Structures are given as C-alpha cells and as structure tokens.
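The structure under discussion appears below in the form of structure tokens.
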Amino acid sequence: MTLAVVIAGDARDDRLPAERIAGQWRQAGAAEVRVVADLAELAELAAAAERPLVVSGADLVAHTAVLRHLLTAPMGPTGALVLTDAPAAGQAVVREERGQVVRAGAVADAEATGVFGGALKVGVADLPALARAAAEAGHAHRPGHAQQAGQSNWPDPAGREPVDELLVRFAAAGAPIFAQRVRLLVAHRVTDAAQLAAAEAEVAAVDSDRAELRLSVKERDDLFTTYCVSTWSPQVAKLAARIGLGPTAVTMISVFFAVAAAGLFAVSGALTSGARLALVAGGVLLYLGFVLDCVDGQLARYTRNFSAWGGWLDTMADRAKEYLVYAGLGIGVELAGLGPGWALAIAAMTLQTVRHMTDTWYGVLHDEAARRPAPDAATGGLGGRLSQASNRVQADTGSAMYWIKRTVVFPIGERWALIAVTAALFNPLVSLVAVLAWGALAFAYTMGLRTLRARSMRVAVMSTVDARLHRDDGPLLRRLPGFGAPLPVAVLAALAAGGLLLSALTGAGATAVAVGSVLVLLLVLAAAAAGGRPHTGALDWLVPAALRAAEYLLVIAVGVAGDVPAPLIFALLFVLALRHYDLTARLEKRQAAPPLHDAGLGGDGRAILLVAALLAGITTYAVATLSVYLLSLFVVSVILTWAVSPRRAPRPQAAAADSVKGVQTPG
C-alpha cells in the first residue's frame, strides 16, 4: 500500500493543477493520495510514514501505466522516473549505471544519461533519508536562505524545481535509486497549458495494450533470446494472461519441460533405436522450456503481477533446471558408454556456479564504484580505457560489436540453445564438452577484462555488505576477529584444492591424499578467518568465488579419494549451489540471512566434516548424510521465509483505498 504525495508548489503555472496528477496516482494504484504545499510539509509526512511513498510534482504529464509501472517496479524499493527529453530550466539531469541513478543535478553534459521525470518512489527503509533530504531542500528553498546563512558559495537552488532539488539531495545521501525508463508509453514534464494540452494528446494516442505487451520484453536481451524467443513469446504471455495463468505457474511448467528434456537426454544413452528421436525431442522441449522461462517474466511485466516469492523462485528454478539438464546429459553419456558423463556434468555445474559468484560480486563492485566520485586513475590507464570502450559498445545497441560482446559471455539463452542443438545433431557428450569449452573461454574473457577494470575503480566493494554472511562463513569463524589478507589465502586454497583433486584423479596414495586434504582444510579455514578483515583490495570481489571454488573442488577431491559414487558427489554440489544462489539473491536485494543459516555450518564447517570423514574412512556415508541434511535445511528455510514469516509479520494499519486526503478528484 503506497502513499502518493504531490507537491503543489512544483507547478510553475497555475493552470497545471495538482489535482490532475493526484487523480492519476489513485488510478495507478496508490492507496492514498495527498497534496502538500512545500518540501517542509513533505519532510514531516515522510518522517511519520510507515509504508512506501511516491512523490511527484504537478508538472508531470504521463500515461497512467507509466505511474503504475513506477509503483509496481520489481527491481528495488526505491526508484526514479527518468526521461529522454531535453531538460528544461529547473529540472535535474541524471547519470545512470547498470539501471541505477548514481548522480543527479551536478552532472556534466557528457555524463548525463537522462532527465529526472519528476516522480520518485521511496521504500520504507529509505524514508528517513528522504525526510532529511526534503527538510534540507525545503530549508534551502526559503527566500534569502543562502544569504542569511552566509553561504555565498553555496549552489543557489532558487531556479531548481522543489522535486528536482529533492532528488539531488536524496541521491547525494547514497541510497540505491533504480532508474525507471519510459519506453513506448508517454511521459513529459510541462511548463504551461499549451505543453499540457500537447502532452495529453500524445498520451491519448497510445495503444495501451499493444504498448504493454511490447514492454513485457526486456529492453536489452541476449542475441538468441531477442531473435529466437522474444519474437513470439509475448503472444504466449498474453494467452497465459487470458486463461488465468500466473507467472509462478508458468515457471513451474518450464521446470517440467526442462526436467522432461533432461530425462530424454538421459534415456537416449540406453536406447539402441530411437536415441536420435529422444535427443531431438529433448532439444525441442529444452527450447520450449526456455521460451516459458522468458514468458514468466514477460507475463509478470504485462500483468504487473510481481512478488518477491516469484522473483526468488524464478532465479532458483533457472539454476536448478540447468543443472538437472547437465545431470541428464551426464547420464546419457554414461549409459551410451561415451565417457565419464558424471564427471563432465560436475565440472560444468562447478564452473557455472563459480562464474555466477564472480558476476554477482563484480556487480556489487560496479554499483559501488558508480555511486562514488571516480579517482583520477579510473579515467586513464588500460582499465579506464576498457571501461570507456565497453560503455561505447553497450550504447551502440544492435551493432555487430554489441551482439558479439553480449554473446561471447555465454548467457543462459546461448547455453540452452547450444545444448539443444548439439544434443539433437550429435550426442550428450558433445553437448557437455561444448558447454565446458565455451564456458571456460567466457570465464577467461570476463575475468581478464573485469580484473583490469576493477583495478582502475579502486573501490572498497565489501565495505557496504555483510561479507562474512554472503561468503557463507561458518558461525564460529564469523564471530572471531579476522586476520590475514583475504584474497591471496582464498586463491591459494582454491589452487590447493585443485591440486588435491588432480592427485586423487591420478591415483596418488591414500597417505598423500590424506595429508593433502588436511593442508587444503587448513587453507580453507585460514581463508574463512581472513573474512573478518576489510575486503578493500581492488580484486577482493574475487574472494567469494575463490572460496566457492575451493569448497567445491575439495568436495570433488574428497569424493574421488573416498570412492564416493559420482551421482552422490553431484547431489551434494547441487544442494550447495542452491544454498549459494539463495545467498547471492539476498545479496543483490540487500536482504538479511536466511532462517537457520548457521545450521548450514558454513564452508569451513562443511570442509572439516568432509576431511574428517575421509580420514575416518566413511566418506560415502558423510557425503550422503550431508546432502540430505543440507537439502532438508534448505526446504525448511524456504518454508520459513516464504510461508511462515509473512504470516507472522505485523500488518500496517489499513487505509481506505478510496481515501484521497486533500484532493478532489473528478468522478
């Protein structure tokens, strides 16, 4: 339930009444609408608010769907409307990075990516910052304030609209502000009645349903998705909406298709005749499953039916489906006698999980760097030049270089397309080898470029997040003061685990493997202990991925040395991947630890158990028990998070949905 506030003083012409936009906010879904005279009144309102709040000026003319999109945007609790119009006098320009407004107002023309659209949605956690920004901006707007305060060098805000001054000060406070771009629909800020009439005529000419359906497709997607899926998937989304299917139902159907494809890939290896038909059918089902994976998001955007549960489920289902397909391919390879299928499936899952860890933490680094003034070194050197070149390519949408850059990193659409085509034309072995080869090349490419760019950013990425939580450190070491440098020890632990695995695969003696496992364990514990130290190095965003690589390689090495069946090793890694994807999803949303998190023992605690089991000769029993335990813990955590906790959460006092305080809306 969102409170909409219109600043009446934002109108520069008395023929732009606040009641017009206030009525639209109500139509867009705001539970309550108020009109305030100035920023000081807004500050008092924000300080007392206990629910999300959206603020706009009276000069905004927009299609009602634009306002509804801002109210329901799923990307974050706080967002700002951003337009591509040329800024008028008094309007703030903004700079965006990765979909976030990182600066507003004092942005050089070369850095500006848009103009503030005059509407700002603020989540509950950011309301105190909004209240402070409104109080400061309101104080600065008092006539003669700068002169009375003796601040002759203070930027004179007299020419800036109140809502724009509010955004500038709110953005300076550092709260993440997502940019809500206007596409296909219409939104403008007007200064007089003539512009108002022209903008309203433009709004009236919009074909709402057609625009909403086109908007259900992501603005920028990958090559395969853009040309082989999104050309027709919106019609599937529209059909799903008509028959009453929700996004979650579509997600579950896509899971069914992927599991069926995995099953066909698996049984193909046991068929003497009909194997090709099974592989082709599996490829088709995999493609259709990916189409539905796109449709669930398109349906959510088309119907504005978003939920935290749906977003989480979609993220987790994507990874689970992909890894189950790897398992199906591995079984097919084994049954056909083509090679070590399970080993290839385990390698593919491990590589992809570690890659995703680097993606997540580099994203955090990038967001932090974007919100801070760039050091002089960031604009020069190889890293700075690479950043500038990358930005130019990203801006040249649709060019050959743009598509090459998006494809070479091997996104999910390309992965599923590669699996479907190679399985249908060749066999599961070719599919797994192709996934591993392209995945390794993509990993090397992204790691090389990101390392150079990160060195130029010089940002303490983990100073703003709970690093020990999202690294999955154990409860004991997380409470101890850290010591040592995080990155070198974590990388050394990963390398040592890789060496241990190589020794186990080449048939090293039991004594050598046992000694090696103890050494790797000590390095893993040292890396976890270093988690308490500030992660302020230019490359410390690599620490969590290095720890995941160390843990996964240790699991595989212990499993090989202890003669654990390969499917059981895969099962444990699969459950660990689910746990770690849950943590990365919470990191991206800046959420707290999941329920029963400490019961998962952390990477260091699990390493102790596995090495102890290897030394005791009960490795298979330990791996099986740990897999069942962690899976049960994960399921209970999901139930507590999405079923129990929401019911126990205190509900805010309901406000009458048709109450519009201070507003007389027509009709």
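Note on naming: chains are A, B, ... as they come in the structure tokens, residues start from 1 per chain, ligands start from 1 in the order shown.
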In range 354-523 of chain A, DSSP helix (DSSP H, G or I) residues written as a ChimeraX atom specification: /A:354-371,376-379,381-395,400-408,412-425,428-457,461-464,467-470,475-478,486-505,510-523
d(CA of Phe306 in chain A, CA of Ala204 in chain A) in Å: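 Between CA of Phe306 in chain A and CA of Ala204 in chain A the gap is 26.8 Å.
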Nearest to Ala4 in chain A by atom-to-atom distance, counting only C-alpha atoms, from A:Leu42, A:Ala37, A:Leu501, A:Val66: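 Checking each of A:Leu42, A:Ala37, A:Leu501, A:Val66 against Ala4 in chain A, counting only C-alpha atoms, the winner is A:Leu42.
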Within 6 Å of range 546-562 of chain A using only C-alpha atoms, minus same-chain residues under 2 positions, as a list in words: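 Final neighbour list, sorted by chain and number: Ala490, Val491, Ala493, Ala494, Ala497, Gly498, Leu501, Ala504, Val543, Pro544, Val564 and Thr619 of chain A.
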Residues from the last selection, all heavy atoms, saved as an mmCIF file, in the first residue's frame:
```
data_model
loop_
_atom_site.group_PDB
_atom_site.id
_atom_site.type_symbol
_atom_site.label_atom_id
_atom_site.label_comp_id
_atom_site.auth_asym_id
_atom_site.auth_seq_id
_atom_site.Cartn_x
_atom_site.Cartn_y
_atom_site.Cartn_z
ATOM 1 N N ALA A 490 42.472 -17.129 -0.090
ATOM 2 C CA ALA A 490 41.344 -17.785 -0.761
ATOM 3 C C ALA A 490 41.784 -18.392 -2.087
ATOM 4 O O ALA A 490 41.402 -19.526 -2.430
ATOM 5 C CB ALA A 490 40.216 -16.780 -0.980
ATOM 6 N N VAL A 491 42.582 -17.659 -2.857
ATOM 7 C CA VAL A 491 43.077 -18.187 -4.133
ATOM 8 C C VAL A 491 43.993 -19.379 -3.891
ATOM 9 O O VAL A 491 43.917 -20.395 -4.606
ATOM 10 C CB VAL A 491 43.809 -17.085 -4.920
ATOM 11 C CG1 VAL A 491 44.507 -17.669 -6.141
ATOM 12 C CG2 VAL A 491 42.827 -16.000 -5.344
ATOM 13 N N ALA A 493 43.865 -21.440 -1.407
ATOM 14 C CA ALA A 493 43.018 -22.565 -1.007
ATOM 15 C C ALA A 493 42.386 -23.228 -2.229
ATOM 16 O O ALA A 493 42.316 -24.465 -2.323
ATOM 17 C CB ALA A 493 41.940 -22.092 -0.037
ATOM 18 N N ALA A 494 41.925 -22.416 -3.192
ATOM 19 C CA ALA A 494 41.326 -22.968 -4.413
ATOM 20 C C ALA A 494 42.360 -23.744 -5.224
ATOM 21 O O ALA A 494 42.077 -24.836 -5.741
ATOM 22 C CB ALA A 494 40.716 -21.846 -5.245
ATOM 23 N N ALA A 497 43.108 -27.007 -3.478
ATOM 24 C CA ALA A 497 42.016 -27.968 -3.662
ATOM 25 C C ALA A 497 42.062 -28.566 -5.067
ATOM 26 O O ALA A 497 41.811 -29.764 -5.249
ATOM 27 C CB ALA A 497 40.672 -27.285 -3.418
ATOM 28 N N GLY A 498 42.395 -27.728 -6.054
ATOM 29 C CA GLY A 498 42.551 -28.250 -7.406
ATOM 30 C C GLY A 498 43.695 -29.247 -7.500
ATOM 31 O O GLY A 498 43.586 -30.281 -8.177
ATOM 32 N N LEU A 501 42.587 -32.516 -5.991
ATOM 33 C CA LEU A 501 41.728 -33.255 -6.914
ATOM 34 C C LEU A 501 42.566 -33.947 -7.991
ATOM 35 O O LEU A 501 42.325 -35.115 -8.323
ATOM 36 C CB LEU A 501 40.719 -32.308 -7.559
ATOM 37 C CG LEU A 501 39.841 -32.902 -8.658
ATOM 38 C CD1 LEU A 501 39.040 -34.095 -8.144
ATOM 39 C CD2 LEU A 501 38.905 -31.831 -9.237
ATOM 40 N N ALA A 504 44.131 -36.988 -6.526
ATOM 41 C CA ALA A 504 43.168 -38.082 -6.342
ATOM 42 C C ALA A 504 42.832 -38.742 -7.672
ATOM 43 O O ALA A 504 42.695 -39.975 -7.751
ATOM 44 C CB ALA A 504 41.902 -37.553 -5.671
ATOM 45 N N VAL A 543 37.082 -12.842 -3.865
ATOM 46 C CA VAL A 543 37.230 -13.727 -2.708
ATOM 47 C C VAL A 543 36.089 -14.744 -2.595
ATOM 48 O O VAL A 543 36.347 -15.950 -2.438
ATOM 49 C CB VAL A 543 37.361 -12.903 -1.407
ATOM 50 C CG1 VAL A 543 37.303 -13.815 -0.187
ATOM 51 C CG2 VAL A 543 38.660 -12.112 -1.415
ATOM 52 N N PRO A 544 34.810 -14.339 -2.647
ATOM 53 C CA PRO A 544 33.739 -15.344 -2.503
ATOM 54 C C PRO A 544 33.801 -16.434 -3.574
ATOM 55 O O PRO A 544 33.578 -17.607 -3.279
ATOM 56 C CB PRO A 544 32.452 -14.512 -2.621
ATOM 57 C CG PRO A 544 32.865 -13.132 -2.201
ATOM 58 C CD PRO A 544 34.252 -12.969 -2.723
ATOM 59 N N VAL A 564 33.447 -42.217 -3.489
ATOM 60 C CA VAL A 564 32.023 -41.876 -3.416
ATOM 61 C C VAL A 564 31.430 -41.957 -4.826
ATOM 62 O O VAL A 564 32.047 -41.471 -5.788
ATOM 63 C CB VAL A 564 31.838 -40.453 -2.849
ATOM 64 C CG1 VAL A 564 30.367 -40.067 -2.826
ATOM 65 C CG2 VAL A 564 32.443 -40.366 -1.456
ATOM 66 N N THR A 619 33.555 -41.710 3.974
ATOM 67 C CA THR A 619 33.275 -40.580 3.086
ATOM 68 C C THR A 619 31.904 -40.688 2.429
ATOM 69 O O THR A 619 31.159 -39.708 2.377
ATOM 70 C CB THR A 619 34.364 -40.479 2.003
ATOM 71 O OG1 THR A 619 35.651 -40.628 2.598
ATOM 72 C CG2 THR A 619 34.286 -39.139 1.307
#
```
What are the nearest atom pairs, with distances in Å to one decimal, for all residues of range 153-252 of chain A that come at most 8 Å from range 309-316 of chain A, using only C-alpha atoms, set out by chain and rising residue number as CSV?
```
residue,atom,partner,partner_atom,distance
A:Pro247,CA,A:Gly310,CA,7.2
A:Thr248,CA,A:Gly310,CA,5.9
A:Thr251,CA,A:Asp314,CA,6.5
```
Interatomic distance (Å, one decimal) between CA of Arg392 in chain A and CA of Lys121 in chain A: 29.9 Å
All residues 10 Å or closer to range 362-367 of chain A, only C-alpha atoms, same chain fewer than 5 positions away omitted, as JSON, numbers by chain: {"A": [97, 98, 99, 100, 102, 176, 356, 357, 372, 447, 450, 451, 453, 454, 457, 458, 459, 460, 461, 462, 464, 465, 538, 539, 540, 541, 542, 587, 588]}
Distance criterion (only C-alpha atoms): nearest to Arg415 in chain A out of A:Leu502, A:Val101, A:Ala566, A:Leu223: A:Leu223
Nearest to Tyr323 in chain A, chosen from A:Ala133, A:Ala345, A:Val163, A:Ala308, with only C-alpha atoms counted in the distances: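 Smallest separation from Tyr323 in chain A among the options: A:Ala345.
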Do you know which residues are at most 9 Å from Phe574 in chain A counting only C-alpha atoms, after dropping those on the same chain fewer than 3 positions away, and could you put them as a PDB file with N, CA and C atoms, in the first residue's frame?
```pdb
ATOM      1  N   ALA A 320      18.389 -24.555 -11.075  1.00  0.00           N
ATOM      2  CA  ALA A 320      18.061 -25.962 -10.848  1.00  0.00           C
ATOM      3  C   ALA A 320      17.794 -26.669 -12.172  1.00  0.00           C
ATOM      4  N   TYR A 323      21.103 -27.262 -14.127  1.00  0.00           N
ATOM      5  CA  TYR A 323      21.972 -28.283 -13.555  1.00  0.00           C
ATOM      6  C   TYR A 323      21.356 -29.673 -13.668  1.00  0.00           C
ATOM      7  N   LEU A 324      20.028 -29.764 -13.635  1.00  0.00           N
ATOM      8  CA  LEU A 324      19.390 -31.059 -13.863  1.00  0.00           C
ATOM      9  C   LEU A 324      19.584 -31.511 -15.311  1.00  0.00           C
ATOM     10  N   ILE A 346      29.539 -32.640 -13.431  1.00  0.00           N
ATOM     11  CA  ILE A 346      30.039 -31.998 -12.205  1.00  0.00           C
ATOM     12  C   ILE A 346      30.923 -30.813 -12.558  1.00  0.00           C
ATOM     13  N   MET A 349      28.723 -27.865 -13.816  1.00  0.00           N
ATOM     14  CA  MET A 349      27.999 -27.198 -12.734  1.00  0.00           C
ATOM     15  C   MET A 349      28.943 -26.373 -11.867  1.00  0.00           C
ATOM     16  N   ILE A 569      28.235 -37.270  -5.420  1.00  0.00           N
ATOM     17  CA  ILE A 569      29.033 -36.037  -5.410  1.00  0.00           C
ATOM     18  C   ILE A 569      28.261 -34.921  -6.098  1.00  0.00           C
ATOM     19  N   PHE A 570      27.638 -35.239  -7.233  1.00  0.00           N
ATOM     20  CA  PHE A 570      26.827 -34.252  -7.951  1.00  0.00           C
ATOM     21  C   PHE A 570      25.692 -33.746  -7.063  1.00  0.00           C
ATOM     22  N   ALA A 571      25.052 -34.651  -6.336  1.00  0.00           N
ATOM     23  CA  ALA A 571      23.921 -34.271  -5.485  1.00  0.00           C
ATOM     24  C   ALA A 571      24.351 -33.275  -4.409  1.00  0.00           C
ATOM     25  N   ALA A 577      24.972 -25.564  -4.365  1.00  0.00           N
ATOM     26  CA  ALA A 577      24.716 -24.495  -5.332  1.00  0.00           C
ATOM     27  C   ALA A 577      23.401 -23.782  -5.018  1.00  0.00           C
ATOM     28  N   LEU A 578      22.356 -24.546  -4.666  1.00  0.00           N
ATOM     29  CA  LEU A 578      21.085 -23.914  -4.296  1.00  0.00           C
ATOM     30  C   LEU A 578      21.277 -22.981  -3.105  1.00  0.00           C
ATOM     31  N   ARG A 579      22.022 -23.435  -2.128  1.00  0.00           N
ATOM     32  CA  ARG A 579      22.275 -22.608  -0.938  1.00  0.00           C
ATOM     33  C   ARG A 579      22.996 -21.322  -1.324  1.00  0.00           C
ATOM     34  N   SER A 627      24.324 -34.273   2.253  1.00  0.00           N
ATOM     35  CA  SER A 627      23.429 -33.877   1.159  1.00  0.00           C
ATOM     36  C   SER A 627      21.980 -33.830   1.635  1.00  0.00           C
TER      37      SER A 627
END
```
Using only C-alpha atoms: which of A:Leu432, A:Leu633, A:Val182, A:Leu245 has the shortest distance to Leu329 in chain A: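 Going through A:Leu432, A:Leu633, A:Val182, A:Leu245 one by one, the smallest distance to Leu329 in chain A is for A:Leu432.
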